[in-house]
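Here is work.cif, consisting of mmCIF, C-alpha atoms; chains and numbers go by the auth columns:
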```cif
data_protein
#
loop_
_atom_site.group_PDB
_atom_site.id
_atom_site.type_symbol
_atom_site.label_atom_id
_atom_site.label_comp_id
_atom_site.label_asym_id
_atom_site.label_seq_id
_atom_site.Cartn_x
_atom_site.Cartn_y
_atom_site.Cartn_z
_atom_site.B_iso_or_equiv
_atom_site.auth_seq_id
_atom_site.auth_asym_id
ATOM 1 C CA MET A 1 56.769 -6.112 24.017 0.00 1 C
ATOM 2 C CA TYR A 2 55.753 -3.540 26.641 0.00 2 C
ATOM 3 C CA VAL A 3 52.833 -1.193 26.002 0.00 3 C
ATOM 4 C CA VAL A 4 51.778 1.910 27.946 0.00 4 C
ATOM 5 C CA SER A 5 48.651 3.839 27.002 0.00 5 C
ATOM 6 C CA VAL A 6 46.964 7.056 28.146 0.00 6 C
ATOM 7 C CA ARG A 7 43.532 8.398 27.082 0.00 7 C
ATOM 8 C CA ARG A 8 42.094 11.890 27.111 0.00 8 C
ATOM 9 C CA ASN A 9 38.890 13.553 25.873 0.00 9 C
ATOM 10 C CA PHE A 10 38.560 16.967 24.243 0.00 10 C
ATOM 11 C CA VAL A 11 36.155 18.865 22.018 0.00 11 C
ATOM 12 C CA ALA A 12 37.068 20.363 18.643 0.00 12 C
ATOM 13 C CA GLU A 13 35.149 21.375 15.537 0.00 13 C
ATOM 14 C CA HIS A 14 35.533 20.678 11.855 0.00 14 C
ATOM 15 C CA PHE A 15 33.663 20.391 8.598 0.00 15 C
ATOM 16 C CA LEU A 16 34.344 17.973 5.774 0.00 16 C
ATOM 17 C CA VAL A 17 35.096 19.109 2.239 0.00 17 C
ATOM 18 C CA GLY A 18 35.220 17.478 -1.177 0.00 18 C
ATOM 19 C CA GLY A 19 32.072 15.362 -0.948 0.00 19 C
ATOM 20 C CA ALA A 20 28.370 15.467 -0.266 0.00 20 C
ATOM 21 C CA TRP A 21 28.235 14.343 3.373 0.00 21 C
ATOM 22 C CA GLY A 22 25.175 16.290 4.472 0.00 22 C
ATOM 23 C CA GLU A 23 25.541 17.767 7.956 0.00 23 C
ATOM 24 C CA GLU A 24 29.232 16.784 8.023 0.00 24 C
ATOM 25 C CA ASN A 25 29.838 19.519 5.413 0.00 25 C
ATOM 26 C CA HIS A 26 28.837 22.126 8.008 0.00 26 C
ATOM 27 C CA THR A 27 30.890 23.145 11.029 0.00 27 C
ATOM 28 C CA HIS A 28 30.099 20.829 13.915 0.00 28 C
ATOM 29 C CA SER A 29 31.851 19.590 17.028 0.00 29 C
ATOM 30 C CA HIS A 30 32.975 16.185 18.211 0.00 30 C
ATOM 31 C CA GLU A 31 33.959 15.075 21.656 0.00 31 C
ATOM 32 C CA TYR A 32 37.094 13.316 20.548 0.00 32 C
ATOM 33 C CA GLN A 33 38.827 10.696 22.602 0.00 33 C
ATOM 34 C CA VAL A 34 42.509 10.182 21.935 0.00 34 C
ATOM 35 C CA GLU A 35 44.542 7.213 23.086 0.00 35 C
ATOM 36 C CA ALA A 36 48.312 7.528 22.954 0.00 36 C
ATOM 37 C CA ARG A 37 49.945 4.089 22.944 0.00 37 C
ATOM 38 C CA PHE A 38 53.683 3.596 23.389 0.00 38 C
ATOM 39 C CA GLU A 39 55.545 0.363 22.609 0.00 39 C
ATOM 40 C CA GLY A 40 59.036 -0.884 23.362 0.00 40 C
ATOM 41 C CA MET A 41 61.045 -4.001 24.083 0.00 41 C
ATOM 42 C CA SER A 42 62.848 -2.883 27.237 0.00 42 C
ATOM 43 C CA LEU A 43 62.358 -0.832 30.370 0.00 43 C
ATOM 44 C CA ASP A 44 64.566 1.869 31.864 0.00 44 C
ATOM 45 C CA GLN A 45 66.458 1.637 35.161 0.00 45 C
ATOM 46 C CA HIS A 46 63.243 2.528 37.044 0.00 46 C
ATOM 47 C CA GLY A 47 61.197 -0.230 35.426 0.00 47 C
ATOM 48 C CA TYR A 48 59.377 2.176 33.081 0.00 48 C
ATOM 49 C CA LEU A 49 58.914 2.006 29.358 0.00 49 C
ATOM 50 C CA ILE A 50 58.096 5.699 29.637 0.00 50 C
ATOM 51 C CA ASP A 51 57.005 7.805 32.583 0.00 51 C
ATOM 52 C CA ILE A 52 53.204 8.155 32.503 0.00 52 C
ATOM 53 C CA VAL A 53 53.399 11.660 34.009 0.00 53 C
ATOM 54 C CA ASN A 54 55.660 12.650 31.105 0.00 54 C
ATOM 55 C CA ILE A 55 53.051 11.337 28.658 0.00 55 C
ATOM 56 C CA GLN A 56 50.225 13.128 30.464 0.00 56 C
ATOM 57 C CA ASP A 57 52.095 16.449 30.468 0.00 57 C
ATOM 58 C CA HIS A 58 52.936 16.324 26.756 0.00 58 C
ATOM 59 C CA LEU A 59 49.483 15.060 25.853 0.00 59 C
ATOM 60 C CA GLU A 60 47.810 17.896 27.748 0.00 60 C
ATOM 61 C CA GLU A 61 50.077 20.487 26.084 0.00 61 C
ATOM 62 C CA LEU A 62 49.179 19.105 22.667 0.00 62 C
ATOM 63 C CA LEU A 63 45.468 18.899 23.432 0.00 63 C
ATOM 64 C CA THR A 64 45.564 22.598 24.305 0.00 64 C
ATOM 65 C CA CYS A 65 46.536 23.264 20.680 0.00 65 C
ATOM 66 C CA PHE A 66 43.400 21.518 19.348 0.00 66 C
ATOM 67 C CA ARG A 67 40.817 21.923 22.115 0.00 67 C
ATOM 68 C CA GLY A 68 37.947 24.212 21.087 0.00 68 C
ATOM 69 C CA LYS A 69 39.459 24.952 17.669 0.00 69 C
ATOM 70 C CA VAL A 70 38.036 24.533 14.159 0.00 70 C
ATOM 71 C CA LEU A 71 40.476 22.033 12.646 0.00 71 C
ATOM 72 C CA ASN A 72 39.958 23.376 9.103 0.00 72 C
ATOM 73 C CA GLU A 73 41.428 26.712 10.225 0.00 73 C
ATOM 74 C CA MET A 74 44.626 25.216 11.641 0.00 74 C
ATOM 75 C CA PRO A 75 47.856 25.224 9.579 0.00 75 C
ATOM 76 C CA ASP A 76 48.333 21.464 10.160 0.00 76 C
ATOM 77 C CA PHE A 77 45.184 20.821 8.126 0.00 77 C
ATOM 78 C CA ASP A 78 45.952 23.284 5.326 0.00 78 C
ATOM 79 C CA GLY A 79 44.822 21.689 2.061 0.00 79 C
ATOM 80 C CA LEU A 80 43.534 18.576 3.853 0.00 80 C
ATOM 81 C CA ASN A 81 40.078 17.299 4.579 0.00 81 C
ATOM 82 C CA PRO A 82 40.082 17.151 8.397 0.00 82 C
ATOM 83 C CA SER A 83 39.194 13.472 8.459 0.00 83 C
ATOM 84 C CA LEU A 84 39.727 11.330 11.502 0.00 84 C
ATOM 85 C CA GLU A 85 42.562 9.548 9.662 0.00 85 C
ATOM 86 C CA HIS A 86 44.422 12.789 8.936 0.00 86 C
ATOM 87 C CA PHE A 87 43.825 13.972 12.491 0.00 87 C
ATOM 88 C CA ALA A 88 45.284 10.760 13.950 0.00 88 C
ATOM 89 C CA ARG A 89 48.432 11.141 11.794 0.00 89 C
ATOM 90 C CA ILE A 90 48.875 14.841 12.583 0.00 90 C
ATOM 91 C CA PHE A 91 48.411 14.187 16.293 0.00 91 C
ATOM 92 C CA CYS A 92 50.823 11.236 16.260 0.00 92 C
ATOM 93 C CA LYS A 93 53.574 13.192 14.502 0.00 93 C
ATOM 94 C CA ALA A 94 53.149 16.140 16.868 0.00 94 C
ATOM 95 C CA LEU A 95 53.229 13.951 19.988 0.00 95 C
ATOM 96 C CA SER A 96 56.178 11.863 18.806 0.00 96 C
ATOM 97 C CA SER A 97 58.224 15.037 18.276 0.00 97 C
ATOM 98 C CA ARG A 98 57.619 15.976 21.943 0.00 98 C
ATOM 99 C CA ILE A 99 58.329 12.591 23.560 0.00 99 C
ATOM 100 C CA GLU A 100 61.865 11.418 24.215 0.00 100 C
ATOM 101 C CA SER A 101 62.459 7.933 25.524 0.00 101 C
ATOM 102 C CA PRO A 102 65.252 5.697 24.251 0.00 102 C
ATOM 103 C CA ASN A 103 63.244 2.500 24.824 0.00 103 C
ATOM 104 C CA LEU A 104 60.315 3.366 22.559 0.00 104 C
ATOM 105 C CA THR A 105 59.935 1.547 19.249 0.00 105 C
ATOM 106 C CA ALA A 106 56.505 2.856 18.165 0.00 106 C
ATOM 107 C CA ILE A 107 53.755 5.310 19.021 0.00 107 C
ATOM 108 C CA THR A 108 50.162 4.756 17.976 0.00 108 C
ATOM 109 C CA ILE A 109 47.411 7.323 18.194 0.00 109 C
ATOM 110 C CA ARG A 110 43.888 5.977 18.179 0.00 110 C
ATOM 111 C CA MET A 111 41.247 8.656 17.940 0.00 111 C
ATOM 112 C CA TRP A 112 37.475 8.343 18.317 0.00 112 C
ATOM 113 C CA GLU A 113 35.040 10.983 17.064 0.00 113 C
ATOM 114 C CA ASP A 114 32.129 9.277 18.822 0.00 114 C
ATOM 115 C CA GLU A 115 31.498 6.082 20.775 0.00 115 C
ATOM 116 C CA THR A 116 31.615 3.845 17.678 0.00 116 C
ATOM 117 C CA ALA A 117 34.030 5.312 15.098 0.00 117 C
ATOM 118 C CA TRP A 118 37.816 5.539 15.394 0.00 118 C
ATOM 119 C CA ALA A 119 40.941 5.740 13.261 0.00 119 C
ATOM 120 C CA ALA A 120 44.568 5.126 14.124 0.00 120 C
ATOM 121 C CA TYR A 121 48.030 6.057 12.961 0.00 121 C
ATOM 122 C CA ARG A 122 51.182 4.192 14.014 0.00 122 C
ATOM 123 C CA GLN A 123 54.670 5.632 13.763 0.00 123 C
ATOM 124 C CA GLU A 124 57.697 3.443 14.216 0.00 124 C
ATOM 125 C CA LEU A 125 60.611 5.176 15.884 0.00 125 C
#
```
Give the structure from the file, written as structure tokens.
Amino acid sequence: MYVVSVRRNFVAEHFLVGGAWGEENHTHSHEYQVEARFEGMSLDQHGYLIDIVNIQDHLEELLTCFRGKVLNEMPDFDGLNPSLEHFARIFCKALSSRIESPNLTAITIRMWEDETAWAAYRQEL
């Protein structure tokens, strides 16, 4: 199994709803780190699972959609608590719809909201 991964950092805001989480119930920012991980069993004619520049371009385009935004105000989070788990799934689905590579079998998004806490979502293709 081949694996290629790219990481990026960005800042976004959110507030949690539906529970008594103290300061987390108020709008605050996180410096998120997102890792996009791509898996597949074979390489293309150039020896790539997927072109890293292609990943970087699509990742940067997607990050532009979230960077500096309040997640609660975005349509993707309508009716959802903007938890790290939901964010990882939303991000994974959005990235997988942008990436085309016949050799990919899965994409995993791992997202940190600080240096110790992360969540992940894996989508098989």
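Atom pair atom CA of C:Ser83 / atom CA of C:Glu115 has a distance of 16.3 Å (rounded to one decimal).
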Residues in the PyMOL selection byres ((chain C and resi 99) around 10), expressed as JSON, numbers by chain: {"C": [50, 54, 55, 58, 59, 94, 95, 96, 97, 98, 100, 101, 102, 104, 107]}
Can you check which parts of stretch 34-75 of chain C lie within 10 Å of stretch 6-28 of chain C? Per residue, the shortest pair of atoms and distance in Å to one decimal, counting all atoms listed in the file, sorted by chain and number, as a tab-separated table.
```
residue	atom	partner	partner_atom	distance
C:Val34	CA	C:Arg8	CA	5.5
C:Glu35	CA	C:Arg7	CA	4.3
C:Ala36	CA	C:Val6	CA	5.4
C:Arg37	CA	C:Val6	CA	6.7
C:Phe38	CA	C:Val6	CA	8.9
C:Ile52	CA	C:Val6	CA	7.7
C:Val53	CA	C:Val6	CA	9.8
C:Ile55	CA	C:Val6	CA	7.5
C:Gln56	CA	C:Val6	CA	7.3
C:Leu59	CA	C:Arg8	CA	8.1
C:Glu60	CA	C:Arg8	CA	8.3
C:Leu63	CA	C:Phe10	CA	7.2
C:Thr64	CA	C:Phe10	CA	9.0
C:Phe66	CA	C:Ala12	CA	6.5
C:Arg67	CA	C:Ala12	CA	5.3
C:Gly68	CA	C:Ala12	CA	4.6
C:Lys69	CA	C:Ala12	CA	5.3
C:Val70	CA	C:Glu13	CA	4.5
C:Leu71	CA	C:His14	CA	5.2
C:Asn72	CA	C:His14	CA	5.9
C:Glu73	CA	C:His14	CA	8.6
```
Computed interatomic separation between atom CA of C:Gly40 and atom CA of C:Ala88 (Å): 20.3 Å
One-decimal distance in Å that lies between atom CA of C:Val3 and atom CA of C:His30: 27.5 Å
Counting only C-alpha atoms, the option among C:His46, C:Glu39, C:Phe87, C:Phe77 closest to C:Met111: C:Phe87
Return as lines of an AutoDock Vina configuration file the box centre and box size in Å, one decimal, for an axis-aligned box around all listed atoms of stretch 110-124 of chain C padded by 6 Å per side.
```
center_x = 44.6
center_y = 7.2
center_z = 16.9
size_x = 38.2
size_y = 19.5
size_z = 19.8
```
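Each of C:Leu80, C:Tyr2, C:Ile90, C:Leu62 was compared to C:Gly47 using only C-alpha atoms, and C:Tyr2 turns out to be the nearest.
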Selected residue of minimal separation from C:Leu84 among C:Asn103, C:Ser42, C:Gln33, C:Gln123, counting all atoms listed in the file: C:Gln33
Would you fill the gaps in stretch 110-121 of chain C so it has all heavy atoms, then print it as a short mmCIF file (atom, residue, chain, number, x, y, z; two decimals), in the frame of the given file?
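Heads up, here's the output in out_24.cif:
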```
data_model
loop_
_atom_site.label_atom_id
_atom_site.label_comp_id
_atom_site.auth_asym_id
_atom_site.auth_seq_id
_atom_site.Cartn_x
_atom_site.Cartn_y
_atom_site.Cartn_z
N ARG C 110 45.22 6.42 18.57
CA ARG C 110 43.89 5.98 18.18
C ARG C 110 42.94 7.07 18.62
O ARG C 110 42.98 7.50 19.77
CB ARG C 110 43.53 4.64 18.82
CG ARG C 110 42.22 4.12 18.31
CD ARG C 110 41.98 2.65 18.52
NE ARG C 110 42.27 2.19 19.86
CZ ARG C 110 41.87 1.01 20.33
NH1 ARG C 110 41.17 0.19 19.57
NH2 ARG C 110 42.18 0.66 21.55
N MET C 111 42.11 7.53 17.68
CA MET C 111 41.25 8.66 17.94
C MET C 111 39.81 8.32 17.57
O MET C 111 39.55 7.83 16.47
CB MET C 111 41.75 9.85 17.13
CG MET C 111 41.09 11.15 17.46
SD MET C 111 41.91 12.54 16.65
CE MET C 111 43.40 12.69 17.64
N TRP C 112 38.91 8.55 18.53
CA TRP C 112 37.48 8.34 18.32
C TRP C 112 36.82 9.70 18.11
O TRP C 112 37.15 10.66 18.80
CB TRP C 112 36.82 7.72 19.55
CG TRP C 112 37.16 6.31 19.85
CD1 TRP C 112 36.38 5.22 19.57
CD2 TRP C 112 38.31 5.81 20.52
NE1 TRP C 112 36.99 4.08 20.03
CE2 TRP C 112 38.18 4.42 20.62
CE3 TRP C 112 39.45 6.42 21.06
CZ2 TRP C 112 39.14 3.62 21.23
CZ3 TRP C 112 40.41 5.62 21.64
CH2 TRP C 112 40.25 4.24 21.73
N GLU C 113 35.83 9.76 17.18
CA GLU C 113 35.04 10.98 17.06
C GLU C 113 33.66 10.81 17.70
O GLU C 113 32.92 11.77 17.85
CB GLU C 113 34.91 11.43 15.61
CG GLU C 113 34.11 10.52 14.73
CD GLU C 113 33.97 11.06 13.31
OE1 GLU C 113 34.75 11.95 12.91
OE2 GLU C 113 33.07 10.58 12.61
N ASP C 114 33.34 9.59 18.06
CA ASP C 114 32.13 9.28 18.82
C ASP C 114 32.35 7.91 19.46
O ASP C 114 33.45 7.37 19.42
CB ASP C 114 30.86 9.33 17.95
CG ASP C 114 30.88 8.34 16.79
OD1 ASP C 114 31.47 7.24 16.90
OD2 ASP C 114 30.26 8.66 15.76
N GLU C 115 31.32 7.35 20.04
CA GLU C 115 31.50 6.08 20.78
C GLU C 115 31.69 4.87 19.87
O GLU C 115 32.06 3.79 20.35
CB GLU C 115 30.34 5.84 21.75
CG GLU C 115 28.97 5.74 21.13
CD GLU C 115 28.31 7.09 20.84
OE1 GLU C 115 28.81 8.13 21.27
OE2 GLU C 115 27.30 7.08 20.13
N THR C 116 31.50 5.02 18.55
CA THR C 116 31.62 3.84 17.68
C THR C 116 32.68 3.95 16.59
O THR C 116 33.10 2.92 16.05
CB THR C 116 30.26 3.56 16.98
OG1 THR C 116 29.92 4.69 16.16
CG2 THR C 116 29.16 3.30 17.99
N ALA C 117 33.13 5.15 16.25
CA ALA C 117 34.03 5.31 15.10
C ALA C 117 35.40 5.81 15.54
O ALA C 117 35.51 6.79 16.27
CB ALA C 117 33.42 6.29 14.09
N TRP C 118 36.45 5.12 15.09
CA TRP C 118 37.82 5.54 15.39
C TRP C 118 38.73 5.28 14.21
O TRP C 118 38.42 4.49 13.32
CB TRP C 118 38.36 4.88 16.65
CG TRP C 118 38.47 3.39 16.64
CD1 TRP C 118 37.55 2.49 17.06
CD2 TRP C 118 39.59 2.61 16.19
NE1 TRP C 118 38.01 1.20 16.91
CE2 TRP C 118 39.26 1.25 16.37
CE3 TRP C 118 40.83 2.91 15.65
CZ2 TRP C 118 40.14 0.21 16.02
CZ3 TRP C 118 41.70 1.88 15.30
CH2 TRP C 118 41.34 0.54 15.50
N ALA C 119 39.86 5.96 14.23
CA ALA C 119 40.94 5.74 13.26
C ALA C 119 42.25 5.77 14.03
O ALA C 119 42.32 6.33 15.12
CB ALA C 119 40.93 6.83 12.19
N ALA C 120 43.27 5.18 13.44
CA ALA C 120 44.57 5.13 14.12
C ALA C 120 45.70 5.40 13.16
O ALA C 120 45.56 5.18 11.94
CB ALA C 120 44.76 3.76 14.79
N TYR C 121 46.80 5.86 13.72
CA TYR C 121 48.03 6.06 12.96
C TYR C 121 49.18 5.57 13.84
O TYR C 121 49.27 5.94 15.02
CB TYR C 121 48.23 7.52 12.59
CG TYR C 121 49.45 7.73 11.73
CD1 TYR C 121 49.38 7.59 10.34
CD2 TYR C 121 50.68 8.07 12.29
CE1 TYR C 121 50.50 7.77 9.54
CE2 TYR C 121 51.80 8.26 11.50
CZ TYR C 121 51.71 8.10 10.14
OH TYR C 121 52.81 8.27 9.35
#
```
